[in-house]
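**Student:** Encoded as structure tokens, here's the structure I'll be asking about.
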Amino acid sequence: MSERRACAVLRQPRSTQREPARGRDDEAALTADIVELAKAYGRYGYRRITALLRHAGWMVNAKRVQRIWRREGLKVPQKQPKRGRLWLNDGSCVRLRAERPNHVSAYDFVEDRTHDGRKFRMLCIIDEFTREALAIRVKRRLNSTDVLETLADLMILRGPPAYVRSDNGPEFIAKTLREWIAAIGSQTAYIEPGSPWENGHCESFNSKLRDELLNGEMFFSLAEAQVMIEAWRRHFNAVRPHSSLSYRPPAPETIIPRGGTIAPWASAPAIGGARSPSPSIASAGQMH
């Protein structure tokens with residue numbers, strides 16, 4: 001069939017049929033940046049990638065990033081299953097929720113192995129309100145004394161939290177640790193046995209740590225693990241967009257004005273002080 005007849009059947013002007021497709025001038029650069037970020041952060045979805053692009057200077061719509069994401073065949077991480085709550089017989093729900101920074105701190109252990117097969121443990125401590133990773137202590141063995149020392153170092157800098165949430169592991173229910181927490185004016189908030197979802201913020205952080213770092217890195221020594229895990233913790237606090245914080249990092253590296261403070265968890269303008277997630281990202285913003 002000729003082009004004239006085909007266009008007549010489809011009621012499409014021949015000028016439209018002959019018009020060559022024209023993409024946007026910055027399509028190749030944006031696609032390259034998205035692919036580069038997807039390689040660097042393999043478990044991020046297009047929404048977090050959009051936030052990183054905006055922090056790097058791109059003024060791009062999330063829908064456009066999604067179209068390029070699908071066209072390039074990039075992987076979207078699966079959502080984690082929802083967990084139930086602790087319900088009482090009268091139908092009420094017991095849940096201590098953080099209401100301000102340094103209100104509820106939570107901690108838990110994560111285990112991994114170095115290349116030689118030897119185990120090492122990580123003590124992860126977070127602030128449930130700001131989502132900030134306060135500390136990750138890495139050692140071959142961690143006991144209640146190590147937990148106490150790590151908490152003491154944090155409380156010297158930040159002050160004691162109102163509550164400290166944890167499971168019922170032997171390192172957390174040690175008498176010395178409980179007496180020390182009570183002496184500084186904090187309270188323990190132990191979860192019910194067999195109910196890890198009650199410590200959901202810390203469990204979520206542990207899964208991100210394993211998914212984004214531990215599952216993709218091979219540590220040849222304990223010192224290498226300590227350095228890389230600390231670098232990831234700083235990236236998690238200062239660069240990584242958090243969906244619960246409107247895709248902003250919990251503790252971005254910003255210049256605090258004299259006499260004032262900047263709270264990333266408050267309703268503030270988009271933060272532009274975070275470092276560029278990748279040196280190859282375009283530095284000049286473009287309107288789309």
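Every chain in the structure tokens has a letter given in the order shown (A, B, ...), and although residue numbers restart at 1 in each chain, ligands are simply numbered from 1 in the order shown.
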List as a PyMOL selection string the protein and nucleic acid residues near stretch 154-160 of chain A, meaning an atom at most 9 Å away when only C-alpha atoms are counted, but skip any in the same chain fewer than 5 places from it.

**Tutor:** chain A and resi 102-103+134-135+149+181+184-186

**Student:** Mind checking which residues fall within 10 Å of A:Gly194, counting only C-alpha atoms, ignoring those fewer than 4 positions away in the same chain, and posting them as a list in words?

**Tutor:** Asp167, Asn168 and Glu198 of chain A

**Student:** Include C-alpha atoms and write out the residues we just selected as a PDB file, in the first residue's frame.

**Tutor:**
```pdb
ATOM      1  CA  ASP A 167      15.472  -6.775  71.342  1.00  0.00           C
ATOM      2  CA  ASN A 168      16.074  -9.129  74.259  1.00  0.00           C
ATOM      3  CA  GLU A 198       8.448  -3.787  66.753  1.00  0.00           C
TER       4      GLU A 198
END
```

**Student:** Run DSSP on the backbone and grab whatever in stretch 26-192 of chain A lands in strand (DSSP E); send it over as a VMD selection string.

**Tutor:** chain A and resid 104 to 113 119 to 127 133 to 139 163 to 166 187 to 190

**Student:** Quick one: write out the picked residues with N, CA, C and O atoms as a compact mmCIF listing (two decimals), in the first residue's frame?

**Tutor:**
```txt
# COMPACT_ATOMS: atom_id res chain seq x y z
N VAL A 104 13.91 8.60 70.72
CA VAL A 104 14.02 7.14 70.75
C VAL A 104 15.22 6.74 69.89
O VAL A 104 15.24 7.03 68.69
N SER A 105 16.18 6.10 70.50
CA SER A 105 17.29 5.49 69.77
C SER A 105 17.09 3.99 69.75
O SER A 105 16.59 3.41 70.72
N ALA A 106 17.47 3.37 68.65
CA ALA A 106 17.30 1.92 68.50
C ALA A 106 18.62 1.32 68.05
O ALA A 106 19.38 1.95 67.31
N TYR A 107 18.89 0.09 68.51
CA TYR A 107 20.11 -0.57 68.08
C TYR A 107 19.88 -2.07 67.93
O TYR A 107 18.96 -2.65 68.49
N ASP A 108 20.75 -2.67 67.12
CA ASP A 108 20.65 -4.09 66.83
C ASP A 108 21.99 -4.54 66.24
O ASP A 108 22.82 -3.73 65.84
N PHE A 109 22.17 -5.87 66.17
CA PHE A 109 23.39 -6.45 65.63
C PHE A 109 23.16 -6.94 64.21
O PHE A 109 22.07 -7.41 63.86
N VAL A 110 24.20 -6.85 63.39
CA VAL A 110 24.23 -7.43 62.05
C VAL A 110 25.53 -8.21 61.93
O VAL A 110 26.57 -7.76 62.43
N GLU A 111 25.47 -9.37 61.29
CA GLU A 111 26.66 -10.21 61.14
C GLU A 111 27.03 -10.36 59.66
O GLU A 111 26.17 -10.33 58.79
N ASP A 112 28.31 -10.50 59.43
CA ASP A 112 28.82 -10.77 58.08
C ASP A 112 30.16 -11.50 58.23
O ASP A 112 30.62 -11.74 59.34
N ARG A 113 30.78 -11.83 57.10
CA ARG A 113 32.05 -12.55 57.11
C ARG A 113 33.05 -11.84 56.20
O ARG A 113 32.68 -11.27 55.17
N LYS A 119 33.79 -14.54 60.97
CA LYS A 119 32.66 -13.67 61.23
C LYS A 119 33.11 -12.36 61.85
O LYS A 119 34.13 -12.28 62.53
N PHE A 120 32.32 -11.32 61.60
CA PHE A 120 32.43 -10.08 62.36
C PHE A 120 31.03 -9.54 62.57
O PHE A 120 30.11 -9.84 61.82
N ARG A 121 30.88 -8.73 63.62
CA ARG A 121 29.58 -8.21 64.00
C ARG A 121 29.57 -6.69 63.89
O ARG A 121 30.62 -6.04 64.03
N MET A 122 28.38 -6.16 63.66
CA MET A 122 28.19 -4.71 63.57
C MET A 122 27.08 -4.30 64.53
O MET A 122 25.99 -4.89 64.51
N LEU A 123 27.35 -3.33 65.37
CA LEU A 123 26.36 -2.74 66.25
C LEU A 123 25.85 -1.47 65.58
O LEU A 123 26.58 -0.49 65.46
N CYS A 124 24.60 -1.49 65.13
CA CYS A 124 24.01 -0.36 64.42
C CYS A 124 23.09 0.40 65.36
O CYS A 124 22.17 -0.18 65.95
N ILE A 125 23.31 1.71 65.48
CA ILE A 125 22.50 2.57 66.35
C ILE A 125 21.94 3.68 65.48
O ILE A 125 22.68 4.36 64.75
N ILE A 126 20.62 3.89 65.55
CA ILE A 126 19.96 4.91 64.74
C ILE A 126 19.06 5.77 65.62
O ILE A 126 18.69 5.39 66.73
N ASP A 127 18.74 6.94 65.11
CA ASP A 127 17.73 7.82 65.70
C ASP A 127 16.44 7.61 64.92
O ASP A 127 16.38 7.87 63.72
N ALA A 133 21.83 7.40 60.98
CA ALA A 133 22.65 6.31 61.51
C ALA A 133 23.71 6.92 62.42
O ALA A 133 24.67 7.53 61.96
N LEU A 134 23.53 6.77 63.72
CA LEU A 134 24.40 7.43 64.69
C LEU A 134 25.77 6.77 64.76
O LEU A 134 26.78 7.45 64.92
N ALA A 135 25.81 5.45 64.67
CA ALA A 135 27.09 4.74 64.77
C ALA A 135 26.92 3.32 64.25
O ALA A 135 25.84 2.73 64.34
N ILE A 136 28.01 2.80 63.68
CA ILE A 136 28.10 1.38 63.32
C ILE A 136 29.46 0.90 63.83
O ILE A 136 30.49 1.22 63.24
N ARG A 137 29.45 0.15 64.91
CA ARG A 137 30.70 -0.35 65.48
C ARG A 137 30.97 -1.75 64.94
O ARG A 137 30.10 -2.62 65.00
N VAL A 138 32.16 -1.95 64.40
CA VAL A 138 32.52 -3.20 63.73
C VAL A 138 33.66 -3.86 64.49
O VAL A 138 34.73 -3.27 64.66
N LYS A 139 33.43 -5.08 64.97
CA LYS A 139 34.46 -5.86 65.65
C LYS A 139 34.19 -7.34 65.41
O LYS A 139 33.10 -7.73 64.96
N TYR A 163 14.44 7.18 75.36
CA TYR A 163 14.24 5.73 75.33
C TYR A 163 15.32 5.10 74.44
O TYR A 163 15.80 5.72 73.48
N VAL A 164 15.65 3.87 74.78
CA VAL A 164 16.57 3.06 73.99
C VAL A 164 15.85 1.76 73.66
O VAL A 164 15.54 0.98 74.56
N ARG A 165 15.60 1.55 72.38
CA ARG A 165 14.82 0.37 71.96
C ARG A 165 15.76 -0.72 71.47
O ARG A 165 16.71 -0.45 70.72
N SER A 166 15.47 -1.95 71.83
CA SER A 166 16.28 -3.09 71.39
C SER A 166 15.49 -4.36 71.59
O SER A 166 14.41 -4.36 72.18
N GLN A 187 15.36 5.35 79.48
CA GLN A 187 14.55 4.17 79.76
C GLN A 187 14.74 3.16 78.64
O GLN A 187 14.90 3.54 77.48
N THR A 188 14.70 1.89 79.00
CA THR A 188 14.79 0.83 78.00
C THR A 188 13.40 0.52 77.45
O THR A 188 12.41 0.59 78.17
N ALA A 189 13.33 0.19 76.19
CA ALA A 189 12.07 -0.17 75.53
C ALA A 189 12.32 -1.47 74.78
O ALA A 189 12.60 -1.47 73.58
N TYR A 190 12.23 -2.59 75.50
CA TYR A 190 12.47 -3.89 74.88
C TYR A 190 11.24 -4.33 74.10
O TYR A 190 10.10 -4.13 74.52
```

**Student:** Looking only at the backbone, which of the residues in stretch 97-227 of chain A does DSSP tag as alpha helix (DSSP H), as a PyMOL selection string?

**Tutor:** chain A and resi 144-158+175-183+200-212+222-227

**Student:** To one decimal place, how far is atom CA of A:Asp116 from atom CA of A:Leu222 in Å?

**Tutor:**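 Computing it gives 10.4 Å between the two atoms.
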
**Student:** What's around A:Arg240 at 12 Å? Count only C-alpha atoms, leave out sequence neighbours fewer than 2 positions away in its own chain, and write the answer as a PyMOL selection string.

**Tutor:** chain A and resi 37+40-41+43-44+47-53+55+131-133+208+212+232-238+242-253+274-278

**Student:** If I take atom CA of A:Ser207 and atom CA of A:Val227, how far is one from the other in Å, to one decimal?

**Tutor:** 19.4 Å

**Student:** Tell me which of A:His115, A:His201, A:Arg140, A:Lys63 sits closest to A:Phe219, counting only C-alpha atoms.

**Tutor:**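 Once distances to A:Phe219 are computed over only C-alpha atoms, the minimum belongs to A:His115.
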
**Student:** Using atom CA of A:Arg178 and atom CA of A:Arg141 as the two end points, give the distance in Å to one decimal.

**Tutor:**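 So the two atoms, atom CA of A:Arg178 and atom CA of A:Arg141, lie 20.2 Å apart.
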
**Student:** Could you give me, as a list in words, the residues within 12 Å of A:Ala174, counting only C-alpha atoms and dropping anything in the same chain fewer than 2 positions from it?

**Tutor:**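 Residues meeting the cut-off are Asn143, Ser144, Thr145, Asp146, Val147, Leu148, Asp167, Asn168, Gly169, Pro170, Glu171, Phe172, Thr176, Leu177, Arg178, Glu179, Trp180, Ile181 and Thr188 of chain A.
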
**Student:** Save the residues we just selected, N, CA and C atoms, as a PDB file, in the first residue's frame?

**Tutor:**
```pdb
ATOM      1  N   ASN A 143      30.200  -7.402  72.910  1.00  0.00           N
ATOM      2  CA  ASN A 143      29.467  -7.803  74.107  1.00  0.00           C
ATOM      3  C   ASN A 143      28.801  -6.587  74.728  1.00  0.00           C
ATOM      4  N   SER A 144      28.250  -6.760  75.916  1.00  0.00           N
ATOM      5  CA  SER A 144      27.533  -5.671  76.575  1.00  0.00           C
ATOM      6  C   SER A 144      28.450  -4.501  76.898  1.00  0.00           C
ATOM      7  N   THR A 145      29.734  -4.771  77.174  1.00  0.00           N
ATOM      8  CA  THR A 145      30.674  -3.683  77.447  1.00  0.00           C
ATOM      9  C   THR A 145      30.881  -2.818  76.214  1.00  0.00           C
ATOM     10  N   ASP A 146      30.982  -3.454  75.033  1.00  0.00           N
ATOM     11  CA  ASP A 146      31.112  -2.689  73.797  1.00  0.00           C
ATOM     12  C   ASP A 146      29.868  -1.851  73.530  1.00  0.00           C
ATOM     13  N   VAL A 147      28.696  -2.421  73.823  1.00  0.00           N
ATOM     14  CA  VAL A 147      27.451  -1.665  73.655  1.00  0.00           C
ATOM     15  C   VAL A 147      27.449  -0.448  74.568  1.00  0.00           C
ATOM     16  N   LEU A 148      27.846  -0.634  75.822  1.00  0.00           N
ATOM     17  CA  LEU A 148      27.878   0.466  76.781  1.00  0.00           C
ATOM     18  C   LEU A 148      28.862   1.541  76.347  1.00  0.00           C
ATOM     19  N   ASP A 167      16.072  -5.473  71.085  1.00  0.00           N
ATOM     20  CA  ASP A 167      15.472  -6.775  71.342  1.00  0.00           C
ATOM     21  C   ASP A 167      15.978  -7.288  72.691  1.00  0.00           C
ATOM     22  N   ASN A 168      15.730  -8.553  72.958  1.00  0.00           N
ATOM     23  CA  ASN A 168      16.074  -9.129  74.259  1.00  0.00           C
ATOM     24  C   ASN A 168      17.337  -9.975  74.199  1.00  0.00           C
ATOM     25  N   GLY A 169      18.287  -9.578  73.349  1.00  0.00           N
ATOM     26  CA  GLY A 169      19.553 -10.292  73.270  1.00  0.00           C
ATOM     27  C   GLY A 169      20.343 -10.157  74.568  1.00  0.00           C
ATOM     28  N   PRO A 170      21.225 -11.114  74.841  1.00  0.00           N
ATOM     29  CA  PRO A 170      21.970 -11.081  76.104  1.00  0.00           C
ATOM     30  C   PRO A 170      22.839  -9.841  76.259  1.00  0.00           C
ATOM     31  N   GLU A 171      23.315  -9.261  75.139  1.00  0.00           N
ATOM     32  CA  GLU A 171      24.130  -8.054  75.239  1.00  0.00           C
ATOM     33  C   GLU A 171      23.308  -6.836  75.649  1.00  0.00           C
ATOM     34  N   PHE A 172      21.983  -6.860  75.360  1.00  0.00           N
ATOM     35  CA  PHE A 172      21.136  -5.702  75.629  1.00  0.00           C
ATOM     36  C   PHE A 172      20.423  -5.773  76.977  1.00  0.00           C
ATOM     37  N   THR A 176      24.447  -4.776  84.015  1.00  0.00           N
ATOM     38  CA  THR A 176      25.288  -3.576  84.044  1.00  0.00           C
ATOM     39  C   THR A 176      24.797  -2.531  83.055  1.00  0.00           C
ATOM     40  N   LEU A 177      24.420  -2.969  81.860  1.00  0.00           N
ATOM     41  CA  LEU A 177      23.944  -2.034  80.850  1.00  0.00           C
ATOM     42  C   LEU A 177      22.623  -1.414  81.256  1.00  0.00           C
ATOM     43  N   ARG A 178      21.698  -2.210  81.781  1.00  0.00           N
ATOM     44  CA  ARG A 178      20.397  -1.675  82.189  1.00  0.00           C
ATOM     45  C   ARG A 178      20.539  -0.681  83.332  1.00  0.00           C
ATOM     46  N   GLU A 179      21.404  -0.973  84.279  1.00  0.00           N
ATOM     47  CA  GLU A 179      21.610  -0.048  85.395  1.00  0.00           C
ATOM     48  C   GLU A 179      22.259   1.248  84.919  1.00  0.00           C
ATOM     49  N   TRP A 180      23.173   1.149  83.955  1.00  0.00           N
ATOM     50  CA  TRP A 180      23.815   2.354  83.441  1.00  0.00           C
ATOM     51  C   TRP A 180      22.828   3.224  82.671  1.00  0.00           C
ATOM     52  N   ILE A 181      21.966   2.607  81.860  1.00  0.00           N
ATOM     53  CA  ILE A 181      20.964   3.374  81.117  1.00  0.00           C
ATOM     54  C   ILE A 181      20.010   4.079  82.074  1.00  0.00           C
ATOM     55  N   THR A 188      14.701   1.894  78.999  1.00  0.00           N
ATOM     56  CA  THR A 188      14.788   0.826  78.000  1.00  0.00           C
ATOM     57  C   THR A 188      13.403   0.522  77.451  1.00  0.00           C
TER      58      THR A 188
END
```

**Student:** Between A:Ile191, A:Leu209, A:Thr114, A:Asp153, which one has atoms that come closest to A:Glu224, using only C-alpha atoms?

**Tutor:**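 Closest residue, counting only C-alpha atoms: A:Thr114.
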
**Student:** Write out as a list of chain:residue names the residues lying within 12 Å of A:Thr16, counting only C-alpha atoms and excluding same-chain residues fewer than 6 positions away.

**Tutor:** A:Glu3, A:Cys7, A:Leu10
